[in-house]
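Student: start.csv is reproduced in full below (CSV, N, CA and C atoms).
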chain,number,residue,atom,x,y,z
A,1,MET,N,42.8,-48.3,-264.5
A,1,MET,CA,43.5,-47.2,-264.0
A,1,MET,C,43.0,-46.9,-262.6
A,2,PHE,N,41.7,-46.9,-262.4
A,2,PHE,CA,41.2,-46.6,-261.0
A,2,PHE,C,40.9,-47.8,-260.2
A,3,ARG,N,41.2,-49.0,-260.7
A,3,ARG,CA,41.0,-50.2,-260.0
A,3,ARG,C,42.2,-50.5,-259.0
A,4,PRO,N,41.9,-50.8,-257.8
A,4,PRO,CA,43.0,-51.1,-256.9
A,4,PRO,C,43.6,-52.4,-257.2
A,5,LYS,N,44.9,-52.4,-257.1
A,5,LYS,CA,45.6,-53.7,-257.4
A,5,LYS,C,45.9,-54.4,-256.1
A,6,LEU,N,45.3,-55.6,-256.0
A,6,LEU,CA,45.4,-56.4,-254.8
A,6,LEU,C,46.7,-57.2,-254.8
A,7,PRO,N,47.4,-57.3,-253.7
A,7,PRO,CA,48.6,-58.1,-253.7
A,7,PRO,C,48.3,-59.5,-253.8
A,8,ASP,N,49.2,-60.3,-254.4
A,8,ASP,CA,49.0,-61.7,-254.6
A,8,ASP,C,49.2,-62.4,-253.3
A,9,THR,N,48.2,-63.2,-252.9
A,9,THR,CA,48.3,-63.9,-251.7
A,9,THR,C,49.0,-65.3,-251.9
A,10,PRO,N,49.9,-65.6,-251.0
A,10,PRO,CA,50.5,-66.9,-251.2
A,10,PRO,C,49.5,-68.0,-250.9
A,11,HIS,N,49.7,-69.2,-251.6
A,11,HIS,CA,48.8,-70.3,-251.3
A,11,HIS,C,49.0,-70.9,-250.0
A,12,VAL,N,48.0,-70.9,-249.2
A,12,VAL,CA,48.0,-71.5,-247.8
A,12,VAL,C,47.5,-72.9,-247.9
A,13,PRO,N,48.3,-73.8,-247.5
A,13,PRO,CA,47.7,-75.2,-247.5
A,13,PRO,C,46.6,-75.4,-246.5
A,14,SER,N,45.6,-76.1,-246.9
A,14,SER,CA,44.5,-76.3,-245.9
A,14,SER,C,44.9,-77.4,-244.9
A,15,ILE,N,44.6,-77.1,-243.7
A,15,ILE,CA,44.9,-78.0,-242.6
A,15,ILE,C,43.6,-78.5,-242.0
A,16,THR,N,43.5,-79.8,-242.0
A,16,THR,CA,42.3,-80.4,-241.4
A,16,THR,C,42.8,-81.1,-240.1
A,17,THR,N,42.0,-80.7,-239.1
A,17,THR,CA,42.3,-81.3,-237.7
A,17,THR,C,41.1,-82.1,-237.3
A,18,HIS,N,41.4,-83.0,-236.5
A,18,HIS,CA,40.3,-83.9,-235.9
A,18,HIS,C,39.9,-83.3,-234.6
A,19,ILE,N,38.6,-82.9,-234.5
A,19,ILE,CA,38.1,-82.3,-233.3
A,19,ILE,C,37.2,-83.4,-232.6
A,20,PRO,N,37.6,-83.8,-231.4
A,20,PRO,CA,36.8,-84.9,-230.8
A,20,PRO,C,35.5,-84.3,-230.4
A,21,GLN,N,34.5,-85.2,-230.6
A,21,GLN,CA,33.1,-84.8,-230.2
A,21,GLN,C,32.9,-85.1,-228.7
A,22,ASP,N,32.2,-84.2,-228.1
A,22,ASP,CA,31.8,-84.5,-226.7
A,22,ASP,C,30.7,-85.5,-226.6
A,23,ARG,N,31.0,-86.5,-225.9
A,23,ARG,CA,30.0,-87.6,-225.8
A,23,ARG,C,29.5,-87.7,-224.3
A,24,ALA,N,28.3,-88.0,-224.2
A,24,ALA,CA,27.7,-88.1,-222.9
A,24,ALA,C,28.3,-89.4,-222.3
A,25,PRO,N,28.5,-89.4,-221.0
A,25,PRO,CA,29.1,-90.6,-220.4
A,25,PRO,C,28.1,-91.7,-220.4
A,26,ALA,N,28.6,-92.9,-220.5
A,26,ALA,CA,27.7,-94.0,-220.5
A,26,ALA,C,27.1,-94.3,-219.1
A,27,PRO,N,25.9,-94.6,-219.0
A,27,PRO,CA,25.3,-94.9,-217.7
A,27,PRO,C,26.1,-96.0,-217.0
A,28,ILE,N,26.3,-95.8,-215.7
A,28,ILE,CA,27.0,-96.8,-214.9
A,28,ILE,C,26.1,-97.9,-214.6
A,29,ALA,N,26.6,-99.1,-214.6
A,29,ALA,CA,25.7,-100.3,-214.3
A,29,ALA,C,25.1,-100.1,-212.9
A,30,GLY,N,23.8,-100.3,-212.8
A,30,GLY,CA,23.2,-100.2,-211.5
A,30,GLY,C,22.5,-98.8,-211.3
A,31,ARG,N,22.8,-97.9,-212.2
A,31,ARG,CA,22.2,-96.6,-212.1
A,31,ARG,C,21.1,-96.5,-213.1
A,32,SER,N,20.0,-95.9,-212.8
A,32,SER,CA,18.9,-95.8,-213.7
A,32,SER,C,18.9,-94.5,-214.4
A,33,VAL,N,18.5,-94.5,-215.7
A,33,VAL,CA,18.4,-93.3,-216.5
A,33,VAL,C,17.0,-92.6,-216.3
A,34,ALA,N,16.1,-93.2,-215.6
A,34,ALA,CA,14.8,-92.7,-215.4
A,34,ALA,C,14.7,-91.3,-214.8
A,35,PRO,N,15.5,-90.9,-213.8
A,35,PRO,CA,15.4,-89.6,-213.3
A,35,PRO,C,15.6,-88.5,-214.4
A,36,PHE,N,16.6,-88.8,-215.3
A,36,PHE,CA,16.8,-87.8,-216.3
A,36,PHE,C,15.7,-87.8,-217.3
A,37,VAL,N,15.0,-88.9,-217.6
A,37,VAL,CA,13.9,-88.9,-218.5
A,37,VAL,C,12.7,-88.1,-217.9
A,38,ARG,N,12.5,-88.3,-216.6
A,38,ARG,CA,11.4,-87.6,-215.9
A,38,ARG,C,11.7,-86.1,-215.9
A,39,VAL,N,12.9,-85.7,-215.7
A,39,VAL,CA,13.2,-84.3,-215.7
A,39,VAL,C,12.9,-83.7,-217.1
A,40,GLY,N,13.3,-84.4,-218.2
A,40,GLY,CA,13.1,-84.0,-219.5
A,40,GLY,C,11.7,-83.9,-219.9
A,41,ALA,N,10.9,-84.9,-219.5
A,41,ALA,CA,9.5,-84.9,-219.8
A,41,ALA,C,8.8,-83.8,-219.0
A,42,GLY,N,9.2,-83.6,-217.8
A,42,GLY,CA,8.6,-82.5,-217.0
A,42,GLY,C,8.9,-81.2,-217.6
A,43,ALA,N,10.1,-81.0,-218.1
A,43,ALA,CA,10.4,-79.7,-218.7
A,43,ALA,C,9.6,-79.5,-220.0
A,44,VAL,N,9.4,-80.5,-220.8
A,44,VAL,CA,8.7,-80.4,-222.0
A,44,VAL,C,7.2,-80.1,-221.6
A,45,ALA,N,6.7,-80.8,-220.6
A,45,ALA,CA,5.3,-80.5,-220.2
A,45,ALA,C,5.1,-79.1,-219.7
A,46,ALA,N,6.1,-78.6,-219.0
A,46,ALA,CA,6.0,-77.2,-218.4
A,46,ALA,C,6.0,-76.2,-219.6
A,47,VAL,N,6.9,-76.5,-220.6
A,47,VAL,CA,6.9,-75.5,-221.7
A,47,VAL,C,5.6,-75.6,-222.5
A,48,VAL,N,5.0,-76.7,-222.7
A,48,VAL,CA,3.8,-76.8,-223.4
A,48,VAL,C,2.7,-76.1,-222.6
A,49,VAL,N,2.6,-76.3,-221.3
A,49,VAL,CA,1.6,-75.7,-220.5
A,49,VAL,C,1.7,-74.2,-220.5
A,50,VAL,N,3.0,-73.7,-220.4
A,50,VAL,CA,3.2,-72.2,-220.4
A,50,VAL,C,2.8,-71.7,-221.8
A,51,GLY,N,3.1,-72.4,-222.8
A,51,GLY,CA,2.8,-71.9,-224.2
A,51,GLY,C,1.3,-71.9,-224.3
A,52,VAL,N,0.5,-72.9,-223.8
A,52,VAL,CA,-0.9,-72.9,-224.0
A,52,VAL,C,-1.5,-71.7,-223.2
A,53,VAL,N,-1.0,-71.5,-222.0
A,53,VAL,CA,-1.5,-70.4,-221.1
A,53,VAL,C,-1.3,-69.0,-221.8
A,54,LEU,N,-0.1,-68.8,-222.3
A,54,LEU,CA,0.2,-67.6,-222.9
A,54,LEU,C,-0.6,-67.3,-224.2
A,55,THR,N,-0.8,-68.4,-224.9
A,55,THR,CA,-1.7,-68.3,-226.1
A,55,THR,C,-3.1,-67.9,-225.7
A,56,ALA,N,-3.6,-68.6,-224.7
A,56,ALA,CA,-5.0,-68.3,-224.2
A,56,ALA,C,-5.1,-66.8,-223.8
A,57,LEU,N,-4.0,-66.3,-223.1
A,57,LEU,CA,-4.1,-64.9,-222.6
A,57,LEU,C,-4.0,-64.0,-223.8
A,58,LEU,N,-3.2,-64.3,-224.8
A,58,LEU,CA,-3.1,-63.5,-226.0
A,58,LEU,C,-4.4,-63.4,-226.7
A,59,ALA,N,-5.1,-64.6,-226.8
A,59,ALA,CA,-6.4,-64.6,-227.5
A,59,ALA,C,-7.4,-63.8,-226.7
A,60,ALA,N,-7.4,-63.9,-225.3
A,60,ALA,CA,-8.3,-63.1,-224.5
A,60,ALA,C,-8.1,-61.6,-224.7
A,61,VAL,N,-6.9,-61.2,-224.8
A,61,VAL,CA,-6.6,-59.8,-225.0
A,61,VAL,C,-7.1,-59.3,-226.4
A,62,ALA,N,-6.9,-60.2,-227.4
A,62,ALA,CA,-7.3,-59.8,-228.7
A,62,ALA,C,-8.8,-59.7,-228.8
A,63,VAL,N,-9.5,-60.7,-228.2
A,63,VAL,CA,-11.0,-60.6,-228.2
A,63,VAL,C,-11.5,-59.4,-227.4
A,64,SER,N,-10.9,-59.1,-226.3
A,64,SER,CA,-11.3,-57.9,-225.6
A,64,SER,C,-11.1,-56.6,-226.4
A,65,ALA,N,-9.9,-56.6,-227.1
A,65,ALA,CA,-9.7,-55.4,-227.9
A,65,ALA,C,-10.7,-55.2,-229.0
A,66,VAL,N,-11.0,-56.3,-229.6
A,66,VAL,CA,-12.0,-56.2,-230.7
A,66,VAL,C,-13.4,-55.8,-230.2
A,67,SER,N,-13.8,-56.3,-229.0
A,67,SER,CA,-15.1,-56.0,-228.5
A,67,SER,C,-15.1,-54.5,-228.0
A,68,VAL,N,-14.0,-54.0,-227.5
A,68,VAL,CA,-13.9,-52.6,-227.1
A,68,VAL,C,-14.0,-51.7,-228.3
A,69,ALA,N,-13.3,-52.1,-229.4
A,69,ALA,CA,-13.4,-51.3,-230.6
A,69,ALA,C,-14.8,-51.3,-231.2
A,70,ILE,N,-15.5,-52.4,-231.2
A,70,ILE,CA,-16.8,-52.5,-231.7
A,70,ILE,C,-17.7,-51.6,-230.9
A,71,ALA,N,-17.6,-51.7,-229.5
A,71,ALA,CA,-18.4,-50.8,-228.7
A,71,ALA,C,-18.1,-49.4,-228.9
A,72,ALA,N,-16.9,-49.0,-229.2
A,72,ALA,CA,-16.6,-47.6,-229.4
A,72,ALA,C,-17.2,-47.1,-230.7
A,73,VAL,N,-17.2,-48.0,-231.7
A,73,VAL,CA,-17.8,-47.6,-233.0
A,73,VAL,C,-19.3,-47.4,-232.8
A,74,VAL,N,-20.0,-48.3,-232.1
A,74,VAL,CA,-21.4,-48.2,-231.8
A,74,VAL,C,-21.7,-47.0,-231.0
A,75,LEU,N,-21.0,-46.7,-230.0
A,75,LEU,CA,-21.3,-45.5,-229.2
A,75,LEU,C,-21.0,-44.3,-230.0
A,76,ARG,N,-20.0,-44.3,-230.9
A,76,ARG,CA,-19.8,-43.1,-231.7
A,76,ARG,C,-20.9,-42.8,-232.7
A,77,SER,N,-21.4,-43.9,-233.2
A,77,SER,CA,-22.5,-43.7,-234.2
A,77,SER,C,-23.8,-43.3,-233.4
A,78,LEU,N,-24.0,-43.8,-232.2
A,78,LEU,CA,-25.2,-43.3,-231.4
A,78,LEU,C,-25.1,-41.8,-231.1
A,79,VAL,N,-23.8,-41.4,-230.7
A,79,VAL,CA,-23.7,-40.0,-230.3
A,79,VAL,C,-23.8,-39.1,-231.5
A,80,THR,N,-23.2,-39.6,-232.6
A,80,THR,CA,-23.3,-38.8,-233.8
A,80,THR,C,-24.8,-38.7,-234.3
A,81,GLY,N,-25.5,-39.8,-234.2
A,81,GLY,CA,-26.9,-39.8,-234.6
A,81,GLY,C,-27.8,-38.9,-233.7
A,82,ALA,N,-27.4,-38.8,-232.4
A,82,ALA,CA,-28.2,-37.9,-231.4
A,82,ALA,C,-27.9,-36.5,-231.7
A,83,ASN,N,-26.7,-36.1,-232.2
A,83,ASN,CA,-26.4,-34.7,-232.5
A,83,ASN,C,-27.1,-34.3,-233.7
A,84,ARG,N,-27.4,-35.1,-234.7
A,84,ARG,CA,-28.1,-34.8,-235.9
A,84,ARG,C,-29.5,-34.4,-235.7
A,85,ARG,N,-30.1,-35.0,-234.7
A,85,ARG,CA,-31.6,-34.8,-234.5
A,85,ARG,C,-31.9,-33.5,-233.9
Let me see the file written as structure tokens.
Tutor:
Amino acid sequence: MFRPKLPDTPHVPSITTHIPQDRAPAPIAGRSVAPFVRVGAGAVAAVVVVGVVLTALLAAVAVSAVSVAIAAVVLRSLVTGANRR
């Protein structure tokens, strides 16, 4: 009674189409592929170096934060101990 009645949908035939794949052009005879390989290797090397540098900076910040937290706890305990005396 409270269920909505959906209209019957007509059967739609499935259509398959052939989509051509984009292919890289074949290298022309006499042209070297080496410049493209060098650019790719350089880009990979740059990404690796940037990743290593950012990881090192993140580790340095983490170590600094931990050392500051430890120093704060030690100073707090020293100040609290001085007030008790």
Student: Quick one: pull the distance between atom N of Leu78 of chain A and atom N of Ala65 of chain A, Å, one decimal.
Tutor: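 Here the two named atoms are 19.7 Å from each other.
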Student: What does the distance from atom N of Thr55 of chain A to atom C of Ala71 of chain A come to in Å, to one decimal?
Tutor: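 These atoms are spaced 26.0 Å apart.
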Student: What is the atom CA of Gly81 of chain A-atom C of Val61 of chain A distance in Å, reported with one decimal?
Tutor: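 Distance between the two atoms: 29.0 Å.
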